[in-house]
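upload-v3.cif (mmCIF, C-alpha atoms and all ligand atoms) appears below.
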```
data_data
#
loop_
_atom_site.label_atom_id
_atom_site.label_comp_id
_atom_site.auth_asym_id
_atom_site.auth_seq_id
_atom_site.Cartn_x
_atom_site.Cartn_y
_atom_site.Cartn_z
CA MET A 314 -41.74 123.24 80.84
CA THR A 315 -44.94 121.21 80.34
CA ILE A 316 -43.31 117.84 79.70
CA PRO A 317 -42.31 116.16 82.98
CA LEU A 318 -38.63 115.31 82.82
CA ALA A 319 -36.77 112.19 83.85
CA GLU A 320 -34.44 112.62 86.82
CA ARG A 321 -31.38 111.91 84.66
CA MET A 322 -31.99 115.08 82.63
CA SER A 323 -30.69 117.13 85.56
CA ARG A 324 -27.34 115.38 85.09
CA LEU A 325 -26.86 116.07 81.38
CA GLY A 326 -24.08 118.55 80.77
CA THR A 327 -23.16 120.29 77.55
CA GLU A 328 -20.31 121.64 75.47
CA THR A 329 -20.30 125.18 76.77
CA ALA A 330 -17.92 126.24 74.00
CA PHE A 331 -21.05 126.42 71.83
CA ALA A 332 -22.44 129.08 74.21
CA VAL A 333 -19.26 131.09 73.68
CA SER A 334 -19.84 130.77 69.90
CA LEU A 335 -23.32 132.14 70.37
CA GLU A 336 -22.01 135.16 72.31
CA ALA A 337 -19.43 135.76 69.58
CA ALA A 338 -22.10 135.50 66.87
CA GLU A 339 -24.34 137.97 68.72
CA TRP A 340 -21.44 140.41 69.06
CA ALA A 341 -20.66 140.06 65.33
CA ALA A 342 -24.34 140.54 64.44
CA LYS A 343 -24.16 143.95 66.15
CA GLY A 344 -21.55 144.93 63.57
CA HIS A 345 -18.36 144.23 65.57
CA LYS A 346 -15.36 142.38 64.22
CA VAL A 347 -14.78 139.03 65.93
CA TYR A 348 -11.56 136.98 65.94
CA PRO A 349 -12.75 133.37 66.40
CA PHE A 350 -10.45 131.40 68.69
CA HIS A 351 -13.27 129.64 70.55
CA LEU A 352 -14.36 126.58 68.59
CA GLY A 353 -12.29 123.68 67.30
CA ASP A 354 -13.85 123.95 63.88
CA ILE A 355 -11.73 124.25 60.75
CA ASN A 356 -12.00 127.04 58.16
CA ILE A 357 -10.27 124.88 55.54
CA LEU A 358 -12.11 123.05 52.78
CA THR A 359 -12.49 119.25 52.97
CA PRO A 360 -10.03 117.59 50.51
CA ARG A 361 -11.26 117.25 46.91
CA SER A 362 -10.74 113.47 47.01
CA VAL A 363 -13.28 113.16 49.85
CA MET A 364 -15.86 115.34 48.12
CA ASP A 365 -15.48 113.42 44.84
CA GLY A 366 -15.83 110.09 46.65
CA ALA A 367 -19.08 111.20 48.28
CA ILE A 368 -20.51 112.75 45.11
CA GLN A 369 -19.77 109.63 43.05
CA ALA A 370 -21.37 107.47 45.75
CA MET A 371 -24.50 109.63 45.78
CA GLU A 372 -24.73 109.53 42.00
CA GLY A 373 -24.14 105.79 42.10
CA GLY A 374 -27.16 105.28 44.33
CA LYS A 375 -25.46 104.88 47.73
CA THR A 376 -28.33 106.77 49.30
CA GLY A 377 -30.15 103.99 51.14
CA TYR A 378 -29.37 102.20 54.40
CA CYS A 379 -26.07 100.36 54.67
CA PRO A 380 -24.70 97.79 57.14
CA THR A 381 -25.07 99.05 60.67
CA ALA A 382 -21.36 98.63 61.52
CA GLY A 383 -20.42 100.53 58.36
CA ILE A 384 -19.58 99.68 54.76
CA PRO A 385 -17.09 96.77 54.69
CA GLU A 386 -14.56 98.67 52.52
CA LEU A 387 -14.29 101.50 55.05
CA ARG A 388 -14.03 99.13 58.02
CA GLU A 389 -11.24 97.25 56.22
CA ALA A 390 -9.42 100.40 55.15
CA LEU A 391 -9.51 101.81 58.69
CA ALA A 392 -8.33 98.50 60.18
CA GLU A 393 -5.40 98.56 57.76
CA ASN A 394 -4.64 102.25 58.38
CA ILE A 395 -4.85 102.15 62.17
CA GLY A 396 -3.18 98.75 62.32
CA ARG A 397 -0.18 100.27 60.57
CA SER A 398 0.07 103.48 62.61
CA HIS A 399 -0.62 101.73 65.94
CA LYS A 400 1.44 98.61 65.22
CA MET A 401 -1.63 96.44 65.90
CA LYS A 402 -3.20 93.46 64.15
CA LEU A 403 -6.67 94.65 63.18
CA SER A 404 -9.40 93.52 60.78
CA ALA A 405 -12.83 94.86 59.83
CA THR A 406 -14.27 93.04 62.87
CA ASN A 407 -12.42 95.55 65.11
CA VAL A 408 -14.21 98.54 63.54
CA ALA A 409 -17.72 99.98 63.95
CA ILE A 410 -18.30 103.14 61.93
CA GLN A 411 -19.99 106.00 63.82
CA PRO A 412 -21.57 109.34 62.92
CA GLY A 413 -18.49 111.24 64.15
CA GLY A 414 -16.09 110.72 67.00
CA LYS A 415 -18.39 111.89 69.79
CA PRO A 416 -20.86 108.94 69.73
CA SER A 417 -18.05 106.57 70.79
CA ILE A 418 -17.91 108.29 74.19
CA ALA A 419 -21.48 107.43 75.20
CA LYS A 420 -21.36 104.01 73.54
CA PHE A 421 -18.19 103.04 75.39
CA LEU A 422 -19.70 104.15 78.70
CA LEU A 423 -23.06 102.50 78.04
CA GLY A 424 -21.29 99.28 77.15
CA THR A 425 -18.97 99.18 80.17
CA MET A 426 -20.21 101.38 83.02
CA ASP A 427 -22.73 100.14 85.57
CA PRO A 428 -24.58 102.72 87.72
CA GLY A 429 -22.25 104.01 90.42
CA ALA A 430 -19.08 102.83 88.63
CA LYS A 431 -16.09 105.15 88.91
CA VAL A 432 -14.54 106.49 85.72
CA LEU A 433 -11.25 108.37 85.57
CA TYR A 434 -11.40 111.20 83.04
CA PRO A 435 -9.22 114.20 82.14
CA ASN A 436 -10.24 117.54 83.62
CA PRO A 437 -9.58 119.95 82.03
CA GLY A 438 -10.81 117.83 79.16
CA PHE A 439 -13.47 117.46 76.49
CA PRO A 440 -16.60 118.36 78.50
CA ILE A 441 -18.69 115.56 77.05
CA TYR A 442 -16.84 113.00 79.20
CA GLU A 443 -18.09 114.54 82.45
CA SER A 444 -21.56 115.03 80.99
CA GLN A 445 -21.96 111.46 79.70
CA ILE A 446 -20.46 109.77 82.77
CA GLU A 447 -22.90 111.57 85.05
CA PHE A 448 -25.88 111.33 82.69
CA HIS A 449 -25.55 107.55 82.53
CA GLY A 450 -25.23 107.19 86.30
CA GLY A 451 -21.48 106.80 86.72
CA VAL A 452 -19.20 108.64 89.10
CA GLY A 453 -16.59 110.82 87.42
CA VAL A 454 -13.11 110.78 88.98
CA PRO A 455 -11.24 113.71 87.45
CA TYR A 456 -7.50 113.81 86.90
CA GLY A 457 -5.67 116.95 85.86
CA PHE A 458 -2.37 118.00 84.34
CA VAL A 459 0.72 119.61 85.77
CA GLU A 460 2.99 122.10 84.03
CA GLY A 461 6.28 120.39 83.15
CA ASP A 462 9.45 121.69 81.46
CA GLU A 463 8.21 121.17 77.91
CA GLY A 464 4.45 121.02 78.26
CA PHE A 465 1.56 119.68 80.30
CA GLU A 466 2.06 116.29 81.97
CA LEU A 467 -0.56 113.88 83.30
CA ASP A 468 -1.12 114.14 87.04
CA MET A 469 -0.13 110.51 87.65
CA ASP A 470 -0.68 110.88 91.39
CA ALA A 471 -4.35 111.72 90.77
CA ILE A 472 -4.63 108.71 88.44
CA ARG A 473 -3.02 106.39 91.01
CA LYS A 474 -5.37 107.72 93.67
CA GLY A 475 -8.38 107.13 91.42
CA LEU A 476 -7.27 103.58 90.75
CA ALA A 477 -6.75 102.95 94.46
CA GLY A 478 -10.30 104.26 94.96
CA GLY A 479 -11.67 101.54 92.69
CA ALA A 480 -11.95 103.10 89.22
CA LYS A 481 -11.91 100.36 86.56
CA LEU A 482 -12.57 102.61 83.58
CA LEU A 483 -10.31 105.34 82.21
CA ILE A 484 -10.77 107.93 79.50
CA TYR A 485 -7.44 109.00 78.07
CA ASN A 486 -7.20 111.72 75.41
CA ASN A 487 -3.84 111.76 73.72
CA TYR A 488 -3.33 114.19 71.99
CA HIS A 489 -5.19 116.38 74.39
CA ASN A 490 -7.90 119.00 74.04
CA PRO A 491 -7.58 121.65 75.53
CA THR A 492 -3.91 121.60 76.63
CA GLY A 493 -2.28 120.22 73.46
CA ALA A 494 -0.42 117.77 75.73
CA SER A 495 1.12 114.67 74.19
CA SER A 496 2.36 111.92 76.49
CA PRO A 497 6.07 111.16 76.23
CA LYS A 498 6.80 107.44 75.80
CA ALA A 499 7.60 106.87 79.48
CA GLU A 500 4.36 108.51 80.65
CA MET A 501 2.22 106.44 78.30
CA GLU A 502 4.02 103.23 79.22
CA GLU A 503 3.51 103.92 82.91
CA LEU A 504 -0.19 104.56 82.32
CA ALA A 505 -0.52 101.31 80.34
CA ARG A 506 1.30 99.41 83.07
CA LEU A 507 -1.12 100.77 85.68
CA CYS A 508 -4.11 99.80 83.51
CA VAL A 509 -2.92 96.22 83.06
CA GLU A 510 -1.96 95.89 86.73
CA ASN A 511 -5.34 97.22 87.92
CA ASN A 512 -7.46 95.52 85.24
CA VAL A 513 -8.69 98.85 83.87
CA TYR A 514 -10.55 99.28 80.55
CA VAL A 515 -9.74 102.31 78.48
CA LEU A 516 -11.38 104.65 76.00
CA SER A 517 -8.48 106.14 74.06
CA ASP A 518 -9.86 109.32 72.53
CA GLU A 519 -7.67 109.85 69.48
CA ALA A 520 -9.61 112.65 67.81
CA TYR A 521 -6.29 114.47 67.19
CA PHE A 522 -4.10 111.44 66.48
CA ASP A 523 -3.28 112.78 62.99
CA VAL A 524 -2.95 116.43 64.01
CA ARG A 525 0.75 116.12 64.75
CA TYR A 526 3.50 118.44 63.60
CA ASP A 527 6.85 116.97 64.58
CA VAL A 528 6.16 113.86 66.60
CA GLU A 529 6.01 110.17 65.80
CA PRO A 530 2.55 108.77 66.57
CA THR A 531 2.04 106.48 69.56
CA SER A 532 -1.17 105.06 70.92
CA ILE A 533 -1.74 103.38 74.25
CA ALA A 534 -3.79 100.74 72.38
CA GLY A 535 -0.59 99.44 70.76
CA LEU A 536 1.32 98.93 74.03
CA PRO A 537 1.72 95.43 75.55
CA GLY A 538 -1.45 94.07 77.14
CA MET A 539 -3.59 97.03 76.01
CA ALA A 540 -5.27 95.93 72.74
CA GLU A 541 -7.74 93.67 74.54
CA ARG A 542 -8.71 96.37 77.05
CA THR A 543 -8.81 99.48 74.86
CA CYS A 544 -11.39 101.05 72.56
CA ILE A 545 -10.18 103.80 70.25
CA LEU A 546 -12.29 106.82 69.38
CA TYR A 547 -11.39 107.60 65.77
CA THR A 548 -12.77 110.51 63.76
CA PHE A 549 -12.36 111.90 60.25
CA SER A 550 -13.33 115.35 61.55
CA LYS A 551 -9.93 116.90 62.15
CA LYS A 552 -7.39 115.26 59.82
CA PHE A 553 -9.65 115.66 56.79
CA ALA A 554 -11.38 118.91 57.86
CA MET A 555 -14.69 117.01 57.93
CA THR A 556 -16.25 118.26 61.18
CA GLY A 557 -19.69 118.69 59.65
CA TRP A 558 -19.72 115.43 57.68
CA ARG A 559 -20.08 113.36 60.86
CA CYS A 560 -17.99 110.27 60.26
CA GLY A 561 -15.78 108.37 62.70
CA ALA A 562 -15.36 104.94 64.24
CA MET A 563 -15.01 102.93 67.41
CA ILE A 564 -12.08 100.52 67.10
CA GLY A 565 -11.72 97.78 69.69
CA PRO A 566 -11.99 94.07 70.54
CA PRO A 567 -14.40 92.28 68.12
CA ASP A 568 -16.85 91.05 70.78
CA PHE A 569 -17.30 94.60 72.12
CA ILE A 570 -17.52 96.02 68.59
CA LYS A 571 -20.42 93.62 67.88
CA LEU A 572 -22.30 95.16 70.82
CA VAL A 573 -21.47 98.64 69.58
CA ALA A 574 -22.94 97.72 66.18
CA ASN A 575 -26.11 96.68 67.99
CA MET A 576 -26.14 100.08 69.74
CA ASN A 577 -25.84 101.63 66.25
CA VAL A 578 -28.98 99.72 65.15
CA ASN A 579 -30.83 101.08 68.14
CA ASP A 580 -29.56 104.66 67.79
CA GLU A 581 -29.10 105.65 64.18
CA SER A 582 -29.39 102.44 62.08
CA CYS A 583 -26.22 103.34 60.21
CA THR A 584 -23.86 106.22 59.57
CA ASN A 585 -24.69 108.25 56.45
CA HIS A 586 -24.02 105.89 53.54
CA PHE A 587 -22.41 108.15 50.91
CA VAL A 588 -20.37 110.05 53.53
CA GLN A 589 -18.59 106.75 54.25
CA TYR A 590 -17.51 106.55 50.61
CA GLY A 591 -16.13 110.09 50.89
CA ALA A 592 -14.14 109.06 53.97
CA LEU A 593 -12.93 105.94 52.16
CA ALA A 594 -11.70 108.03 49.22
CA GLY A 595 -9.85 110.25 51.68
CA LEU A 596 -8.11 107.27 53.27
CA ARG A 597 -7.17 105.83 49.89
CA ALA A 598 -5.88 109.10 48.43
CA SER A 599 -2.28 110.22 48.93
CA ASP A 600 -1.59 112.15 52.13
CA GLU A 601 -0.91 115.33 50.16
CA GLU A 602 -4.11 117.16 51.07
CA PRO A 603 -4.11 116.35 54.81
CA GLN A 604 -0.43 117.36 54.86
CA LYS A 605 -1.37 120.73 53.39
CA ILE A 606 -3.98 121.19 56.12
CA LEU A 607 -1.32 120.37 58.73
CA ALA A 608 1.16 122.82 57.20
CA THR A 609 -1.46 125.58 57.39
CA LEU A 610 -2.20 124.76 61.02
CA LYS A 611 1.48 124.70 61.92
CA GLU A 612 2.01 128.13 60.41
CA ARG A 613 -0.81 129.44 62.60
CA ARG A 614 0.63 127.85 65.73
CA ASP A 615 4.01 129.39 64.99
CA ALA A 616 2.43 132.83 64.62
CA LEU A 617 0.36 132.55 67.77
CA VAL A 618 2.70 131.07 70.39
CA PRO A 619 5.43 133.77 70.30
CA ALA A 620 2.81 136.51 70.16
CA LEU A 621 1.19 135.18 73.33
CA ASN A 622 4.49 134.74 75.13
CA ALA A 623 5.39 138.36 74.32
CA ILE A 624 2.47 139.55 76.47
CA PRO A 625 3.52 140.10 80.11
CA GLY A 626 1.73 137.73 82.47
CA ILE A 627 1.08 135.04 79.84
CA LYS A 628 3.01 131.80 79.53
CA CYS A 629 2.27 129.44 76.66
CA TYR A 630 3.84 126.10 75.65
CA ARG A 631 4.29 125.24 71.98
CA PRO A 632 2.45 121.91 71.63
CA ASP A 633 3.46 119.52 68.85
CA THR A 634 -0.08 118.24 68.44
CA THR A 635 -3.73 119.39 68.15
CA PHE A 636 -4.71 122.91 67.15
CA TYR A 637 -5.17 124.24 70.68
CA LEU A 638 -3.15 126.40 73.03
CA PHE A 639 -3.80 126.57 76.76
CA PRO A 640 -1.83 129.57 78.01
CA ASN A 641 -1.44 130.28 81.69
CA VAL A 642 -2.82 133.81 82.14
CA THR A 643 -2.59 134.02 85.94
CA GLY A 644 -0.10 136.92 85.85
CA ALA A 645 -2.10 138.94 83.34
CA LEU A 646 -5.30 138.35 85.30
CA GLU A 647 -3.76 139.62 88.53
CA ARG A 648 -2.07 142.59 86.89
CA LYS A 649 -5.29 143.75 85.22
CA GLY A 650 -7.44 143.02 88.27
CA PHE A 651 -9.88 140.57 86.67
CA LYS A 652 -11.49 138.35 89.28
CA ASP A 653 -11.53 135.29 87.00
CA THR A 654 -10.97 134.20 83.41
CA ASP A 655 -14.63 134.64 82.52
CA GLU A 656 -14.39 138.33 83.35
CA LEU A 657 -11.25 138.51 81.19
CA ARG A 658 -12.98 136.63 78.35
CA LYS A 659 -16.01 138.91 78.31
CA ALA A 660 -13.92 142.08 78.48
CA ALA A 661 -11.63 140.83 75.70
CA LEU A 662 -14.59 140.16 73.42
CA ARG A 663 -16.11 143.56 74.12
CA GLU A 664 -12.92 145.56 73.80
CA THR A 665 -10.91 143.67 71.16
CA GLY A 666 -13.26 141.20 69.44
CA LEU A 667 -11.12 138.23 70.53
CA SER A 668 -13.33 135.28 71.33
CA PHE A 669 -11.91 132.31 73.23
CA CYS A 670 -12.83 129.67 75.79
CA THR A 671 -11.42 129.40 79.29
CA ARG A 672 -10.60 126.56 81.63
CA VAL A 673 -14.19 126.38 82.93
CA HIS A 674 -15.44 125.24 79.53
CA PHE A 675 -13.52 121.98 80.01
CA GLY A 676 -14.99 120.51 83.16
CA ARG A 677 -15.45 121.70 86.72
CA ARG A 678 -12.39 123.41 88.19
CA LEU A 679 -10.64 121.12 90.69
CA PRO A 680 -10.19 122.34 94.30
CA THR A 681 -6.40 121.89 94.00
CA GLU A 682 -6.06 124.34 91.08
CA THR A 683 -4.38 127.68 91.69
CA GLN A 684 -3.50 128.80 88.15
CA HIS A 685 -5.77 130.31 85.49
CA TYR A 686 -5.91 129.33 81.84
CA ILE A 687 -7.66 130.25 78.63
CA ARG A 688 -7.92 128.08 75.51
CA LEU A 689 -7.28 129.33 72.02
CA ALA A 690 -8.18 127.21 68.98
CA TYR A 691 -6.34 128.28 65.83
CA SER A 692 -8.14 125.96 63.43
CA GLY A 693 -10.64 128.60 62.34
CA ILE A 694 -8.53 131.74 61.92
CA ASN A 695 -5.91 132.75 59.32
CA VAL A 696 -2.39 134.00 60.07
CA ASP A 697 -3.04 137.65 59.14
CA GLN A 698 -6.03 137.69 61.50
CA ILE A 699 -3.93 136.05 64.22
CA HIS A 700 -1.36 138.86 63.99
CA GLU A 701 -4.08 141.51 64.04
CA ALA A 702 -5.83 139.88 67.00
CA MET A 703 -2.63 139.48 69.02
CA ASP A 704 -1.72 143.16 68.54
CA LEU A 705 -5.12 144.07 69.95
CA PHE A 706 -4.86 141.56 72.80
CA ALA A 707 -1.39 142.82 73.77
CA ALA A 708 -2.63 146.43 73.82
CA PHE A 709 -5.68 145.39 75.86
CA LEU A 710 -3.54 143.65 78.49
CA LYS A 711 -0.84 146.32 78.62
N1 LIG B 1 -12.89 114.14 71.37
C1 LIG B 1 -12.25 115.31 71.50
C2 LIG B 1 -11.13 115.42 72.46
C3 LIG B 1 -12.65 116.42 70.74
O1 LIG B 1 -12.03 117.60 70.91
C4 LIG B 1 -13.72 116.26 69.84
C5 LIG B 1 -14.20 117.40 69.04
O2 LIG B 1 -13.82 118.52 69.15
C6 LIG B 1 -14.34 115.01 69.75
C7 LIG B 1 -13.91 113.98 70.53
C8 LIG B 1 -15.53 114.81 68.86
O3 LIG B 1 -15.17 114.71 67.53
P1 LIG B 1 -16.29 114.73 66.41
O4 LIG B 1 -16.55 116.15 66.06
O5 LIG B 1 -15.71 113.94 65.29
O6 LIG B 1 -17.51 114.08 66.96
#
```

Just give me the structure as structure tokens.
Ligand code: PLP
Amino acid sequence: MTIPLAERMSRLGTETAFAVSLEAAEWAAKGHKVYPFHLGDINILTPRSVMDGAIQAMEGGKTGYCPTAGIPELREALAENIGRSHKMKLSATNVAIQPGGKPSIAKFLLGTMDPGAKVLYPNPGFPIYESQIEFHGGVGVPYGFVEGDEGFELDMDAIRKGLAGGAKLLIYNNYHNPTGASSPKAEMEELARLCVENNVYVLSDEAYFDVRYDVEPTSIAGLPGMAERTCILYTFSKKFAMTGWRCGAMIGPPDFIKLVANMNVNDESCTNHFVQYGALAGLRASDEEPQKILATLKERRDALVPALNAIPGIKCYRPDTTFYLFPNVTGALERKGFKDTDELRKAALRETGLSFCTRVHFGRRLPTETQHYIRLAYSGINVDQIHEAMDLFAAFLK
């Protein structure tokens, strides 16, 4: 490297799931069949309404800069939409449009976190939290999940310990990547109570808020005392199968949103102008197309969960949200003599073509962990391929 690097560059992490994609692509390029369970991308077309909205906007000349906080119509429509689902009073002043969901993570931290400040974040969790906290000079305080009767539950003891240790910022991802966990009402209320009591500010990552099969939506932002201390990460990526369009929003208290808009000016000027009209058309259209996407995803989940549970040594919950499964593979690992999940992952790719991530792609393993997990995304693979892949996986682990 000829360019001398700033010290902070040694602290920048990454989304290692992309490295798994690369390995899968290399294996496929050698002529092998690959079953893609690794990346949370969606092999379903973006709804027609969204495409038409963007095309009309382009043809209508919406190809120049636009207001840095986003086009007013989209800010208003999102305020109305989220206000309704979250039972909150919101207006356009609560919304700053972003190029995707991810930028809200860094912008929240840059706006709230002084060097050395402690930030509670989920681990396993979206790896960008750990990366951005450390990159910007904060101290990450990880909290994990415990296996409950119905699914993964927040490790509230770890959260309480983090709060006692002085953390004033919390990242909370409900519904959760990679476990598919969704907080029951009592859990979320307890978390909100702790935040109010300890004067904690929250980034509520709601990337999967609309990827729900059978549950009523709830957001921590709508609970008593939380609106003024919570910023919501919203994204169009998942509900509308728009991962590559890059459109999302930060939703929060107006004074903070003003600062976020100023960060937008400094970073990207504005989010892609005509893409915002596509997103707006999606919000205004009936829910028929997103519902179809959900029905497809649910069918995949219902094919995958029983197939995994039929394999000796694997235990998998059936989450009601997200498009991820986080099966416990400890038994299978021991029975087959793999030293860790990475060894299992590599062997599975080589011998069956199944490509998936493991726990280590979602933050550093905590010293208290004894169980082993892999993560399967079913957003990019059809049901017939799921059946084929699971037959191969079962034979491989026999
Ligand atoms: N937050 C979580 C938990 C995610 O899983 C993702 C994407 O996979 C994001 C944020 C980022 O979303 P986007 O692709 O819209 O930037």

> Which polymer residues have any atom within 12 Å of an atom of Glu320 in chain A, counting all atoms listed in the file, with same-chain residues fewer than 6 positions away left out, as a list in words?
Replying inline: Glu447, Phe448, His449 and Gly450 of chain A

> Do you know which residues are at most 7 Å from range 522-527 of chain A counting only C-alpha atoms, after dropping those on the same chain fewer than 4 positions away, and could you put them as a PyMOL selection string?
Replying inline: chain A and resi 488+552+607+611+633-635

> Please, which residues have at least one atom within 8 Å of an atom of ligand LIG 1 (chain B), using only C-alpha atoms and all ligand atoms, listed as a ChimeraX atom specification?
Replying inline: /A:353-354,412-416,418,438-439,486,488-491,518-521,546-551,556-557,559-561

Selection file, C-alpha atoms, as an mmCIF file, in the coordinates of the input:
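For reference, again.cif as written:
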```cif
data_model
loop_
_atom_site.group_PDB
_atom_site.id
_atom_site.type_symbol
_atom_site.label_atom_id
_atom_site.label_comp_id
_atom_site.auth_asym_id
_atom_site.auth_seq_id
_atom_site.Cartn_x
_atom_site.Cartn_y
_atom_site.Cartn_z
ATOM 1 C CA GLY A 353 -12.290 123.680 67.300
ATOM 2 C CA ASP A 354 -13.850 123.950 63.880
ATOM 3 C CA PRO A 412 -21.570 109.340 62.920
ATOM 4 C CA GLY A 413 -18.490 111.240 64.150
ATOM 5 C CA GLY A 414 -16.090 110.720 67.000
ATOM 6 C CA LYS A 415 -18.390 111.890 69.790
ATOM 7 C CA PRO A 416 -20.860 108.940 69.730
ATOM 8 C CA ILE A 418 -17.910 108.290 74.190
ATOM 9 C CA GLY A 438 -10.810 117.830 79.160
ATOM 10 C CA PHE A 439 -13.470 117.460 76.490
ATOM 11 C CA ASN A 486 -7.200 111.720 75.410
ATOM 12 C CA TYR A 488 -3.330 114.190 71.990
ATOM 13 C CA HIS A 489 -5.190 116.380 74.390
ATOM 14 C CA ASN A 490 -7.900 119.000 74.040
ATOM 15 C CA PRO A 491 -7.580 121.650 75.530
ATOM 16 C CA ASP A 518 -9.860 109.320 72.530
ATOM 17 C CA GLU A 519 -7.670 109.850 69.480
ATOM 18 C CA ALA A 520 -9.610 112.650 67.810
ATOM 19 C CA TYR A 521 -6.290 114.470 67.190
ATOM 20 C CA LEU A 546 -12.290 106.820 69.380
ATOM 21 C CA TYR A 547 -11.390 107.600 65.770
ATOM 22 C CA THR A 548 -12.770 110.510 63.760
ATOM 23 C CA PHE A 549 -12.360 111.900 60.250
ATOM 24 C CA SER A 550 -13.330 115.350 61.550
ATOM 25 C CA LYS A 551 -9.930 116.900 62.150
ATOM 26 C CA THR A 556 -16.250 118.260 61.180
ATOM 27 C CA GLY A 557 -19.690 118.690 59.650
ATOM 28 C CA ARG A 559 -20.080 113.360 60.860
ATOM 29 C CA CYS A 560 -17.990 110.270 60.260
ATOM 30 C CA GLY A 561 -15.780 108.370 62.700
#
```

At most 7 Å is the cut-off: for each residue in range 515-622 of chain A with any atom that close to an atom of range 382-401 of chain A, write down the nearest atom pair and the distance in Å rounded to one decimal, counting all atoms listed in the file, chain first then increasing number, as a Markdown table.
```
| residue | atom | partner | partner_atom | distance |
| --- | --- | --- | --- | --- |
| A:Thr531 | CA | A:His399 | CA | 6.5 |
| A:Ser532 | CA | A:His399 | CA | 6.0 |
| A:Gly535 | CA | A:His399 | CA | 5.3 |
| A:Ala574 | CA | A:Ala382 | CA | 5.0 |
| A:Cys583 | CA | A:Gly383 | CA | 6.7 |
| A:Thr584 | CA | A:Gly383 | CA | 6.8 |
| A:Gln589 | CA | A:Leu387 | CA | 6.8 |
| A:Leu593 | CA | A:Leu387 | CA | 5.5 |
```

> Using all atoms listed in the file, which of A:Ile533, A:Leu433, A:Ile699, A:Met364 sits nearest Val347 in chain A?
Replying inline: A:Ile699

>> Counting only C-alpha atoms, which residue out of A:Val588, A:Leu467, A:Ile316, A:Ala608 sits closest to Ser692 in chain A?
In response: A:Ala608

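Near Ala419 in chain A, within 10 Å and counting only C-alpha atoms, sit Gly424, Thr425, Met426, Ile441, Tyr442, Ser444, Gln445, Ile446, Phe448 and His449 of chain A, not including residues fewer than 5 positions from it in the same chain.
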
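Compared by their closest atoms to Arg678 in chain A, and using only C-alpha atoms, the residues A:Thr643, A:Phe569, A:Lys652, A:Tyr456 rank with A:Tyr456 nearest.
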
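Using only C-alpha atoms, the contacts of Arg648 in chain A at a cut-off of 12 Å, with sequence neighbours closer than 6 positions omitted, comprise Ile624, Pro625, Gly626, Ile627, Val642, Leu657, Phe709, Leu710 and Lys711 of chain A.
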
>> With only C-alpha atoms as the counted atoms, please give the residues lying no more than 12 Å from Asp470 in chain A, apart from itself and same-chain residues fewer than 3 positions off, as a PyMOL selection string.
In response: chain A and resi 455-459+466-467+473-477+503-504+507

> Out of A:Gly666, A:Gly451, A:Gly464, A:Pro435, which residue has the shortest atom-to-atom distance to Leu679 in chain A when counting only C-alpha atoms?
Replying inline: A:Pro435

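Atom to atom, CA of Leu358 in chain A and CA of Asp704 in chain A stand 27.6 Å apart.
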
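Using all atoms listed in the file, the shortest contact distance between Leu482 in chain A and any of A:Arg672, A:Lys628, A:Lys431, A:Arg688 is found at A:Lys431.
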
> Which is closest to Ser496 in chain A among A:Pro530, A:Gln369, A:Val432, A:Phe636, if we use all atoms listed in the file?
Replying inline: A:Pro530

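Across the structure, CA of Gly650 in chain A and CA of Glu336 in chain A are spaced 23.0 Å apart.
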
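The two atoms in question, CA of Ala592 in chain A and CA of Val363 in chain A, are spaced 5.9 Å apart.
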